[in-house]
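Written out below as structure tokens is the structure these notes cover.
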Amino acid sequence: MSDSPATPLTTADGVPLKVSLRRAVRRSKIKAFLLVSPLLLFLVVAFVMPIFEMLWRSVDNPEVSTHLSRTVEALEGWDRESLPGEEVFAALAEDLREGQQARNLGLLSSRLNYEKSGMRSTITRTARGLGALEPPYREALIELNDTWGELDTWKLIQREASPLTISYYLAAVDRQLTPDGEIVRAPESQRLHVTLFWRTLWMSLVITGLTLLLGYPVAFLLASLPLRYSNLLMILVLLPFWTSLLVRTTTWIAILQSQGVLNDLMVAVGVVADDARWQMIHNKTGTIVAMTHILLPFMILPLYSVMKTIPPSYMRAARSLGGRPFLCFRRVYFPLTIPGIAAGGILVFILSIGYYITPALVGGQSGRFITNYIAYHMQTSLNWGLAAAIASILLFVVVVFYLVFNRLIGVDKVKLG
Amino acid sequence: MKRDTQQAGKPALKLMVCAVAGASVLGLASVAQAQQTLNIVSWGGAYSMSQERAYHEPWMEKTGDNIVNIDRSANALAGLRAQSQAGNVTWDLVDMLPADAMIACAEGLIEPLDHDELLAPAPDGTPASEDFVDGALGECFVASIVYSNIVAFNSSMFPEDKQPSTIEDVFDLENYPGQRALMRRPINNMEWALIADGVDREDVYDMLETEEGIQRAFAKLDTIKDHVIWWEEGSQPPQLLADREVAFASAYNGRIFDAMVSENQPFEIIWDAQVFELDGWVVPTGKLDKVRDYLYFATDTQRLADQAQYISYGPARLSSSEYVSTHAETGIEMEPHMPTYGPNFATALQKDDEFWADYSDELNQRFDAWLAQ
Amino acid sequence: MAIPSYATRGERIWHYVFLGICALIFLFLVGPLLIIIPLSFNAQPYFTFSQEMLSLDPAGYSLRWYQDFFTSRAWLHAIKNSFIIGIASTILATILGTIAALGLSSRHMPARSVIMALLISPMIVPLIISAAAMFFFFSKVNLAQTYLGVILAHTALGIPFVVITVTATLSSFDTTLIKAAHSLGANPTRTFFKVVLPLVTPGVVSGALFAFITSFDEVVVVLFISGPEQRTMPIQMWSGIREQISPTILAVATLLVLLSMLLLTTLELLRRRSERLRGVTPE
């Protein structure tokens, strides 16, 4: 095509039109991209890099290789069958002595304690007892703390010497490594996270279902009313949407707690005895009710915008062809609203599995989500690697749903308000 | 402040001499760096209030410094780590538990303390290192109080002739029905479960190091699991008791005392099997010079005794006990409300920090798994 | 929704039942927000209606919780912080987001959907994950526990809202208006200020409002990355609810409900103005 012998069309200054057009397109491409680039750059720094930092944290494993560098080196070529030799113990003594002086054994002992309870005090006590120790260190250290006489301790140190680890991910899905490196399920008494992942997904499904159940009729009503009425009623949907999340959560506490408005009302009416008030908060019920309320507008708005585009004449036509009302609805109207259901459903579901504030405040024990454990490991247990691993898994789940959402509906079609 | 001087009475006179002597030495130093702002991290609630009255207010009056109270002690270790990693330590002095202090110290987050150099001697001249209760002075830690984890109950929820009195009663749903509020963590609950199940106090931690002991504790907790509300903030248990949401609540003894005297709540404390522990100050790395004078002041004999006017935690200094007087607002004699008071202390158990340093990762996970079952 | 004349008796009944159900759902949506308003005037420190309140006895009502709020140093400091952080991050997000939206609405924008997906992601990624991630990264680069850190974080969270609303406005922007302005003799500057700007402004303003409310209401990220100095109103509320939920919280909540009503009205007015300018009139 480009080597066509005919004289090509040219612009006024003699440039072939095709070239000129291509240039113009390229120029506007560059211009468009330049306009977007400050924001892209900003988000890369303020959002994307933090996410990568978190992903890195979930596998980063510097403690043993940094603070026990000599020991790790001395352990190379160890046969893993019998206790290591004196040179390894001497290296350990030197590493710990140096760590004690620099006062940086804390992270090391925490790290090893995640894998084997008791390692924290083993390291702390050994480091403290080192002062008076004389070679040969092998006997002296085992004498000081018999953990050093266990083969598994050394296998553990050797394993965790690698700069990257999958231990955090294993812990996040209730698995663990045996001393010999096999992946096994954690003892039943310590399995926790998988249950919570499932519970989070399950409760989010329930919440999504409830918002659909409550949102569908309202969206239908709004879509079929004349605009000046529906605009008024829309305010009732938008008001909670615009109200602070904490306010909405607080108000449910005031309503649902056992000395709260609803229980008082039921006692006053006589439905419930004063000493048998319902426990509606600090459990699953609390989380589900409050979150259904909070997420309901996110279901109504997409449903409404889809229903708005369905011409009312379709239903009338179906009726005039003799369909019973319910049949007409099911066969004609409902299928047309499926895109709205999909959009609202996925949106509510994505938002729900990532919720933290509401489950933390009204969820009690049984209404807790996996997100609460991310916060717990970030702030209380301080096992940041595990927090990062759980968060990364949750992120993966959300991204998958987000991509589905994007493929089905397109993010740029999202409307607000 | 008027109230202080009135009530301090005679002991204050005795102390005055020391205080004047101390102040004249310190005076120069504190004038030199007057009017700074100290960010002090503590637990909030009635506890922070007692520190404010006993330490902060007199100190601000004396030096013109400004003290900002930050209620972050519950997450103090995380905060210290984050700040030190960021290279921007904004906290000047932190109130934390000895177990956390041990970890922070091993990580180099807080300053090692030379107790005799940094702390005031007792009024009779006993050096500081000999004037504190056992375990109160750690490598990087100086305790200010002895507090206790106890179970309290709302006495109006039980008939007068059938009030609970022992830890066994907490696990006895038949005779003492009602919801229980327990802290959402294994610490204390595991110990109480074993004691209520008949284990001797001395053997509790040895038992908990064995699989059998752990299972036994969980089995005992299982018996009341369906009747437990799990709390996480120290201010919740008095609230839950006052709202009659629960009949029993585990709590810090000071919070319950505060509700009893300031709000006239009909609460009673079960001192049986109280698990006592210490709480006190640590200095974030690099802040020692800034808080040196304040720390000297806030840990002296009179200040620790003063704090006991506002909250029922025992002073960690031996010499303070003779200056402990009455509650500042109600005039109640404080001694019977202290964890360290003889009858209260008879069946007390000291929390084993080293045990929990080793096993809390594992037991927290098991505890949560148990809760999720 | 009128009942068609051919409706049967059963349908009529169903119609009213349906309206009743909808009314109940609306009550579920708005009732909880309204119930706290009278509760916040409770003279007693309880979360429920006292006998005096129900009998409309003036003694049952009081302004003490509002007084508590307006005289508390901690709350006032938190309000100040919330406004500083909210306004700063709104300005940043609005500028960056609007410029980017101009690029995104160009026909020639390369890799449009990928970039759009990336720009929207702070809205989709769960806050707790963003918070943990930002905590790790900001600690490393000395931004944790600083106002700048919190402002940058909130800017990132507010950007998707600006991008969405402004691109939506631009996509419905009728470019022939610019040509018309030119042909009527206006120069580009005049065209921009007299034609483009008035039409785009409502979109930008509502995007900015969204960004502001996002920051103003955000707890999780602040909880993780802020220091004591940057304590915001939601943080103050969060710890209030967790520790002891005092009726002061209800007073704050009431004020916030009023604020959201105000914002909603502003948005509604903006929408009407924009429709009027475009010559679209509601039915």
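Note on naming: chains are A, B, ... as they come in the structure tokens, residues start from 1 per chain, ligands start from 1 in the order shown.
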TODO: Find the residues near segment 43-59 of chain A: any atom within 8 Å, counting only C-alpha atoms, skip ones fewer than 3 places away on the same chain, and give them as a PyMOL selection string.
DONE: (chain A and resi 39-40+164-169+384-389+392) or (chain C and resi 119+122+130+132-138+152-153+156)
File dump, residues just selected, N, CA and C atoms, as a compact mmCIF listing (two decimals), in the first residue's frame:
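Once everything was written out, this is out.txt:
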```txt
# COMPACT_ATOMS: atom_id res chain seq x y z
N LEU A 39 -0.55 12.41 36.89
CA LEU A 39 -1.36 11.60 37.79
C LEU A 39 -0.81 10.18 37.88
N LEU A 40 -0.44 9.63 36.72
CA LEU A 40 0.12 8.28 36.73
C LEU A 40 1.35 8.23 37.62
N LEU A 164 14.51 -15.19 50.82
CA LEU A 164 13.07 -15.13 50.56
C LEU A 164 12.41 -16.33 51.23
N THR A 165 11.17 -16.16 51.64
CA THR A 165 10.51 -17.27 52.32
C THR A 165 9.06 -17.39 51.86
N ILE A 166 8.54 -18.61 51.89
CA ILE A 166 7.10 -18.74 51.64
C ILE A 166 6.37 -19.04 52.95
N SER A 167 7.09 -18.98 54.08
CA SER A 167 6.47 -19.31 55.37
C SER A 167 5.24 -18.47 55.66
N TYR A 168 5.32 -17.17 55.31
CA TYR A 168 4.20 -16.29 55.64
C TYR A 168 2.96 -16.70 54.84
N TYR A 169 3.16 -17.01 53.57
CA TYR A 169 2.01 -17.45 52.77
C TYR A 169 1.45 -18.76 53.29
N TRP A 384 4.39 -8.61 60.73
CA TRP A 384 4.06 -7.85 59.54
C TRP A 384 4.15 -8.69 58.27
N GLY A 385 5.05 -9.66 58.27
CA GLY A 385 5.14 -10.54 57.10
C GLY A 385 3.86 -11.30 56.88
N LEU A 386 3.28 -11.80 57.96
CA LEU A 386 2.03 -12.55 57.85
C LEU A 386 0.90 -11.61 57.43
N ALA A 387 0.87 -10.40 58.01
CA ALA A 387 -0.15 -9.43 57.61
C ALA A 387 -0.04 -9.16 56.11
N ALA A 388 1.20 -8.98 55.64
CA ALA A 388 1.39 -8.70 54.22
C ALA A 388 0.94 -9.88 53.36
N ALA A 389 1.21 -11.10 53.83
CA ALA A 389 0.81 -12.27 53.05
C ALA A 389 -0.71 -12.39 52.97
N SER A 392 -1.97 -9.77 50.71
CA SER A 392 -1.68 -10.04 49.30
C SER A 392 -2.68 -11.04 48.73
N LEU C 119 -6.01 3.89 37.38
CA LEU C 119 -6.38 5.12 38.10
C LEU C 119 -7.54 4.89 39.06
N PRO C 122 -7.34 2.65 43.40
CA PRO C 122 -7.40 2.97 44.83
C PRO C 122 -8.81 2.89 45.41
N SER C 130 -4.60 -1.02 51.29
CA SER C 130 -3.90 0.23 50.98
C SER C 130 -3.21 0.74 52.23
N ALA C 132 -2.14 -0.88 54.95
CA ALA C 132 -0.97 -1.67 55.32
C ALA C 132 0.18 -1.35 54.36
N ALA C 133 -0.14 -1.31 53.07
CA ALA C 133 0.89 -1.07 52.07
C ALA C 133 1.52 0.31 52.27
N MET C 134 0.67 1.31 52.49
CA MET C 134 1.20 2.66 52.67
C MET C 134 2.01 2.75 53.96
N PHE C 135 1.56 2.04 54.97
CA PHE C 135 2.31 2.03 56.23
C PHE C 135 3.73 1.52 55.98
N PHE C 136 3.85 0.39 55.28
CA PHE C 136 5.18 -0.16 55.00
C PHE C 136 6.03 0.84 54.22
N PHE C 137 5.43 1.36 53.13
CA PHE C 137 6.22 2.19 52.22
C PHE C 137 6.52 3.56 52.82
N PHE C 138 5.51 4.17 53.42
CA PHE C 138 5.69 5.52 53.96
C PHE C 138 6.66 5.51 55.14
N LEU C 152 -0.94 12.90 51.00
CA LEU C 152 -0.66 12.14 49.78
C LEU C 152 -1.54 10.89 49.71
N ALA C 153 -1.67 10.21 50.84
CA ALA C 153 -2.48 8.99 50.86
C ALA C 153 -3.93 9.32 50.50
N ALA C 156 -4.43 10.05 46.85
CA ALA C 156 -4.52 8.82 46.05
C ALA C 156 -5.91 8.21 46.15
```
Write out as a PDB file with N, CA and C atoms, in the first residue's frame the residues lying within 8 Å of Trp356 of chain B, counting only C-alpha atoms and excluding same-chain residues fewer than 3 positions away.
```pdb
ATOM      1  N   ALA B  99       6.627  -7.024  79.287  1.00  0.00           N
ATOM      2  CA  ALA B  99       6.831  -8.003  78.215  1.00  0.00           C
ATOM      3  C   ALA B  99       7.150  -7.297  76.903  1.00  0.00           C
ATOM      4  N   ILE B 187      -3.945 -14.648  77.290  1.00  0.00           N
ATOM      5  CA  ILE B 187      -3.331 -14.268  78.559  1.00  0.00           C
ATOM      6  C   ILE B 187      -4.416 -14.057  79.621  1.00  0.00           C
ATOM      7  N   ASP B 352       3.688 -14.479  84.059  1.00  0.00           N
ATOM      8  CA  ASP B 352       5.026 -14.893  83.655  1.00  0.00           C
ATOM      9  C   ASP B 352       5.340 -14.314  82.277  1.00  0.00           C
ATOM     10  N   ASP B 353       6.068 -13.196  82.298  1.00  0.00           N
ATOM     11  CA  ASP B 353       6.327 -12.507  81.029  1.00  0.00           C
ATOM     12  C   ASP B 353       7.151 -13.336  80.054  1.00  0.00           C
ATOM     13  N   TYR B 359       5.376 -17.936  74.052  1.00  0.00           N
ATOM     14  CA  TYR B 359       4.218 -18.697  73.588  1.00  0.00           C
ATOM     15  C   TYR B 359       3.074 -17.852  73.069  1.00  0.00           C
ATOM     16  N   SER B 360       3.200 -16.515  73.163  1.00  0.00           N
ATOM     17  CA  SER B 360       2.005 -15.756  72.776  1.00  0.00           C
ATOM     18  C   SER B 360       1.715 -15.858  71.283  1.00  0.00           C
TER      19      SER B 360
END
```
- [ ] May I ask you to extract the residues of chain C within 10 Å of chain B, using only C-alpha atoms, and to give them as a PyMOL selection string?
- [x] chain C and resi 46+135-146+224-225+227-229+239+242-245
Okay, now the selection with N, CA and C atoms, as a short mmCIF file (atom, residue, chain, number, x, y, z; two decimals), in the first residue's frame?
```
data_model
loop_
_atom_site.label_atom_id
_atom_site.label_comp_id
_atom_site.auth_asym_id
_atom_site.auth_seq_id
_atom_site.Cartn_x
_atom_site.Cartn_y
_atom_site.Cartn_z
N TYR C 46 -27.29 7.94 77.87
CA TYR C 46 -27.70 6.65 77.34
C TYR C 46 -27.96 6.76 75.86
N PHE C 135 1.56 2.04 54.97
CA PHE C 135 2.31 2.03 56.23
C PHE C 135 3.73 1.52 55.98
N PHE C 136 3.85 0.39 55.28
CA PHE C 136 5.18 -0.16 55.00
C PHE C 136 6.03 0.84 54.22
N PHE C 137 5.43 1.36 53.13
CA PHE C 137 6.22 2.19 52.22
C PHE C 137 6.52 3.56 52.82
N PHE C 138 5.51 4.17 53.42
CA PHE C 138 5.69 5.52 53.96
C PHE C 138 6.66 5.51 55.14
N SER C 139 6.66 4.41 55.91
CA SER C 139 7.63 4.34 57.02
C SER C 139 9.03 4.37 56.46
N LYS C 140 9.20 3.70 55.35
CA LYS C 140 10.52 3.56 54.75
C LYS C 140 11.03 4.91 54.23
N VAL C 141 10.13 5.71 53.66
CA VAL C 141 10.58 6.97 53.05
C VAL C 141 10.27 8.18 53.93
N ASN C 142 10.11 7.93 55.25
CA ASN C 142 9.90 9.03 56.20
C ASN C 142 8.64 9.85 55.99
N LEU C 143 7.62 9.24 55.44
CA LEU C 143 6.37 9.99 55.28
C LEU C 143 5.34 9.60 56.33
N ALA C 144 5.58 8.48 57.02
CA ALA C 144 4.63 8.07 58.05
C ALA C 144 4.64 9.11 59.16
N GLN C 145 3.49 9.30 59.78
CA GLN C 145 3.35 10.24 60.89
C GLN C 145 3.66 11.68 60.50
N THR C 146 3.39 12.01 59.22
CA THR C 146 3.53 13.41 58.83
C THR C 146 2.22 13.82 58.15
N PHE C 224 -3.44 3.82 60.37
CA PHE C 224 -2.16 3.14 60.20
C PHE C 224 -0.99 4.11 60.04
N ILE C 225 -1.18 5.18 59.26
CA ILE C 225 0.01 5.97 58.94
C ILE C 225 0.13 7.27 59.70
N GLY C 227 0.46 9.98 62.90
CA GLY C 227 0.97 10.07 64.26
C GLY C 227 -0.05 10.79 65.12
N PRO C 228 0.29 11.05 66.39
CA PRO C 228 -0.66 11.71 67.28
C PRO C 228 -1.06 13.09 66.79
N GLU C 229 -0.16 13.77 66.10
CA GLU C 229 -0.44 15.12 65.64
C GLU C 229 -1.53 15.14 64.60
N SER C 239 -11.93 5.84 67.98
CA SER C 239 -11.48 5.42 69.29
C SER C 239 -12.58 5.65 70.32
N ARG C 242 -14.86 2.61 69.98
CA ARG C 242 -14.22 1.40 70.49
C ARG C 242 -14.09 1.43 72.00
N GLU C 243 -13.76 2.59 72.53
CA GLU C 243 -13.49 2.65 73.96
C GLU C 243 -14.79 2.82 74.73
N GLN C 244 -15.25 4.05 74.85
CA GLN C 244 -16.56 4.11 75.47
C GLN C 244 -17.45 5.00 74.65
N ILE C 245 -18.48 4.42 74.14
CA ILE C 245 -19.28 5.12 73.18
C ILE C 245 -20.16 6.11 73.95
#
```
Interface, chain B side, toward chain A (10 Å; only C-alpha atoms) as a short mmCIF file (atom, residue, chain, number, x, y, z; two decimals) with C-alpha atoms, in the first residue's frame:
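Listing of selection-v2.cif after writing:
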```
data_model
loop_
_atom_site.label_atom_id
_atom_site.label_comp_id
_atom_site.auth_asym_id
_atom_site.auth_seq_id
_atom_site.Cartn_x
_atom_site.Cartn_y
_atom_site.Cartn_z
CA ALA B 74 -2.02 -0.70 73.51
CA ASN B 75 -0.11 -0.51 70.22
CA ALA B 76 3.06 0.99 71.62
CA LEU B 77 5.44 -1.64 70.30
CA ALA B 78 4.10 -1.32 66.75
CA GLY B 79 4.32 2.44 67.03
CA ARG B 81 8.93 0.04 65.47
CA MET B 102 11.69 -6.77 76.81
CA ILE B 103 11.04 -7.09 73.07
CA ALA B 104 11.55 -3.40 72.38
CA CYS B 105 14.79 -3.50 74.36
CA ALA B 106 16.08 -6.49 72.39
CA GLU B 107 15.30 -4.64 69.18
CA GLY B 108 17.17 -1.55 70.34
CA LEU B 109 14.03 0.57 70.14
CA ILE B 110 14.36 1.89 73.67
CA PRO B 112 18.90 0.91 78.47
CA ARG B 184 -10.05 -11.38 73.71
CA GLU B 209 4.02 -25.45 78.45
CA GLN B 215 -6.01 -28.56 75.99
CA VAL B 228 -18.74 -14.93 76.72
CA ILE B 229 -18.55 -11.50 75.15
CA TRP B 230 -14.94 -10.81 74.18
CA TRP B 231 -13.70 -7.30 74.83
CA GLU B 232 -10.65 -5.52 73.48
CA ASP B 243 -25.19 -1.69 81.19
CA ARG B 244 -25.89 -5.10 82.72
CA GLU B 245 -24.90 -6.66 79.42
CA GLU B 354 8.94 -14.85 79.70
CA PHE B 355 6.40 -17.60 79.18
CA TRP B 356 4.16 -15.26 77.24
CA ALA B 357 7.06 -13.84 75.23
CA ASP B 358 7.71 -17.35 73.95
CA TYR B 359 4.22 -18.70 73.59
CA SER B 360 2.00 -15.76 72.78
CA ASP B 361 2.46 -16.11 68.99
CA GLU B 362 1.40 -19.72 69.09
CA LEU B 363 -1.26 -19.44 71.77
CA ASN B 364 -2.82 -16.32 70.23
CA GLN B 365 -3.25 -18.24 67.03
CA ARG B 366 -4.70 -21.25 68.82
CA PHE B 367 -6.93 -19.01 70.85
CA ASP B 368 -8.29 -17.32 67.73
CA ALA B 369 -8.72 -20.67 66.04
CA TRP B 370 -10.60 -21.86 69.10
CA LEU B 371 -12.79 -18.77 69.03
CA ALA B 372 -13.52 -19.26 65.34
CA GLN B 373 -14.63 -22.88 65.85
#
```
- [ ] Name all residues at most 6 Å from segment 163-171 of chain C (count only C-alpha atoms; drop same-chain ones fewer than 5 positions away) and give them as a PyMOL selection string.
- [x] chain C and resi 97+101+203-204+207
Residue subset to file, keeping C-alpha atoms, as an mmCIF file, in the first residue's frame:
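Okay, result34.cif is ready:
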```cif
data_model
loop_
_atom_site.group_PDB
_atom_site.id
_atom_site.type_symbol
_atom_site.label_atom_id
_atom_site.label_comp_id
_atom_site.auth_asym_id
_atom_site.auth_seq_id
_atom_site.Cartn_x
_atom_site.Cartn_y
_atom_site.Cartn_z
ATOM 1 C CA GLY C 97 -7.471 14.256 38.263
ATOM 2 C CA ALA C 101 -9.377 13.440 32.662
ATOM 3 C CA GLY C 203 -18.270 17.862 37.055
ATOM 4 C CA VAL C 204 -15.038 19.135 38.572
ATOM 5 C CA GLY C 207 -15.516 15.313 41.797
#
```
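Considering only C-alpha atoms, the residue among C:Ala78, C:Leu255, C:Met109, C:Val222 positioned nearest to chain A is C:Met109.
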Open item on the list: With only C-alpha atoms as the counted atoms, please give the residues lying no more than 8 Å from Val195 of chain C, apart from itself and same-chain residues fewer than 6 positions off, as a list in words.
Closed with: Leu177, Ile178 and Ala181 of chain C
Residue selection dump (C-alpha atoms) as a PDB file, in the first residue's frame:
```pdb
ATOM      1  CA  LEU C 177     -20.057  24.113  21.040  1.00  0.00           C
ATOM      2  CA  ILE C 178     -16.385  25.037  20.761  1.00  0.00           C
ATOM      3  CA  ALA C 181     -17.933  29.692  19.667  1.00  0.00           C
TER       4      ALA C 181
END
```
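If only C-alpha atoms are the atoms counted, then among C:Ile241, C:Ala59, C:Ile87, C:Val162 the closest residue to chain A is C:Ile241.
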Task: Long-range neighbours of Asp95 of chain B as a PyMOL selection string, 10 Å cut-off, only C-alpha atoms, 5 positions minimum in chain - done: chain B and resi 40-43+48+71-74+76+101+141-144+279-283
Open item on the list: Run DSSP on the backbone and tell me which residues of segment 187-354 of chain A come out as alpha helix (DSSP H); list them as a PyMOL selection string.
Closed with: chain A and resi 193-224+227-242+245-256+261-269+284-307+313-320+325-328+334-353
- [ ] Tell me which protein, DNA and RNA residues are within 12 Å of segment 214-220 of chain A, counting only C-alpha atoms, leaving out same-chain ones fewer than 3 positions away, and put them as a ChimeraX atom specification.
- [x] /A:207-211,223-225,230-231,233-234,236-237,289,292-310,312,329,333-334,337-338,340-341,344-345,348 /C:1,15,17-29
Just write the chosen residues, C-alpha atoms, as a short mmCIF file (atom, residue, chain, number, x, y, z; two decimals), in the first residue's frame.
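As a result, selection_21.cif now contains:
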```cif
data_model
loop_
_atom_site.label_atom_id
_atom_site.label_comp_id
_atom_site.auth_asym_id
_atom_site.auth_seq_id
_atom_site.Cartn_x
_atom_site.Cartn_y
_atom_site.Cartn_z
CA ILE A 207 -24.75 -9.28 52.24
CA THR A 208 -24.71 -9.02 48.45
CA GLY A 209 -27.84 -11.17 48.29
CA LEU A 210 -29.61 -9.03 50.88
CA THR A 211 -28.70 -5.77 49.15
CA ALA A 223 -37.02 3.74 37.54
CA SER A 224 -40.75 3.61 36.91
CA LEU A 225 -41.73 6.83 38.67
CA SER A 230 -37.90 9.69 41.59
CA ASN A 231 -35.41 12.53 42.05
CA LEU A 233 -36.90 9.61 46.49
CA MET A 234 -33.37 9.30 45.17
CA LEU A 236 -33.33 8.99 50.42
CA VAL A 237 -30.86 6.65 48.74
CA VAL A 289 -27.39 -5.76 59.15
CA THR A 292 -26.31 -4.37 54.21
CA HIS A 293 -27.43 -0.88 55.15
CA ILE A 294 -24.10 0.66 54.29
CA LEU A 295 -23.72 -1.09 50.94
CA LEU A 296 -27.34 -0.90 49.80
CA PRO A 297 -26.89 2.35 47.80
CA PHE A 298 -24.07 0.68 45.85
CA MET A 299 -26.61 -1.88 44.67
CA ILE A 300 -29.47 0.51 44.01
CA LEU A 301 -27.54 2.98 41.87
CA PRO A 302 -26.28 0.56 39.17
CA LEU A 303 -29.63 -1.26 39.13
CA TYR A 304 -31.42 2.02 38.69
CA SER A 305 -29.23 3.17 35.84
CA VAL A 306 -29.86 -0.09 33.97
CA MET A 307 -33.61 -0.14 34.65
CA LYS A 308 -33.88 3.45 33.49
CA THR A 309 -32.86 2.34 30.00
CA ILE A 310 -35.56 -0.34 29.71
CA PRO A 312 -41.75 0.63 29.70
CA PHE A 329 -41.68 -9.81 34.65
CA TYR A 333 -38.11 -7.41 32.43
CA PHE A 334 -35.86 -9.40 34.69
CA THR A 337 -31.86 -6.03 34.35
CA ILE A 338 -29.19 -8.73 34.63
CA GLY A 340 -27.40 -4.11 36.52
CA ILE A 341 -27.54 -7.05 38.91
CA GLY A 344 -24.23 -3.98 41.58
CA GLY A 345 -23.53 -7.50 42.79
CA VAL A 348 -21.07 -4.76 46.60
CA MET C 1 -45.86 4.50 38.86
CA HIS C 15 -49.25 -2.87 43.78
CA VAL C 17 -48.14 -4.23 48.95
CA PHE C 18 -45.20 -3.41 46.74
CA LEU C 19 -45.37 0.26 47.64
CA GLY C 20 -45.51 -0.74 51.30
CA ILE C 21 -42.42 -2.88 50.96
CA CYS C 22 -40.58 -0.04 49.25
CA ALA C 23 -41.60 2.34 52.01
CA LEU C 24 -40.15 -0.08 54.57
CA ILE C 25 -36.89 -0.31 52.64
CA PHE C 26 -36.68 3.47 52.48
CA LEU C 27 -37.27 3.52 56.21
CA PHE C 28 -34.41 1.06 56.63
CA LEU C 29 -32.19 3.34 54.54
#
```
Task: strand (DSSP E or B) call set, DSSP backbone run, segment 133-304 of chain B, as a PyMOL selection string - done: chain B and resi 137+142-154+180-183+228-231+248-252+267-282+284
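Counting from atom CA of Glu329 of chain B, the distance to atom CA of Ser262 of chain B is 8.2 Å.
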Open item on the list: Give me the residues near Pro164 of chain B as number ranges by chain, where near means some atom within 9 Å (using only C-alpha atoms) and where sequence neighbours in that chain fewer than 4 positions away do not count.
Closed with: B: 153, 155, 158, 168-170, 175-176, 270
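Taking only C-alpha atoms into account, chain A lies nearest to C:Phe49 out of the set C:Trp65, C:Phe212, C:Phe49, C:Tyr147.
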TODO: Check the smallest atom-to-atom distance from each of B:Ser325, B:Gln307, B:Gln179, B:Asn253 to His337 of chain B using only C-alpha atoms, then report the winner.
DONE: B:Asn253
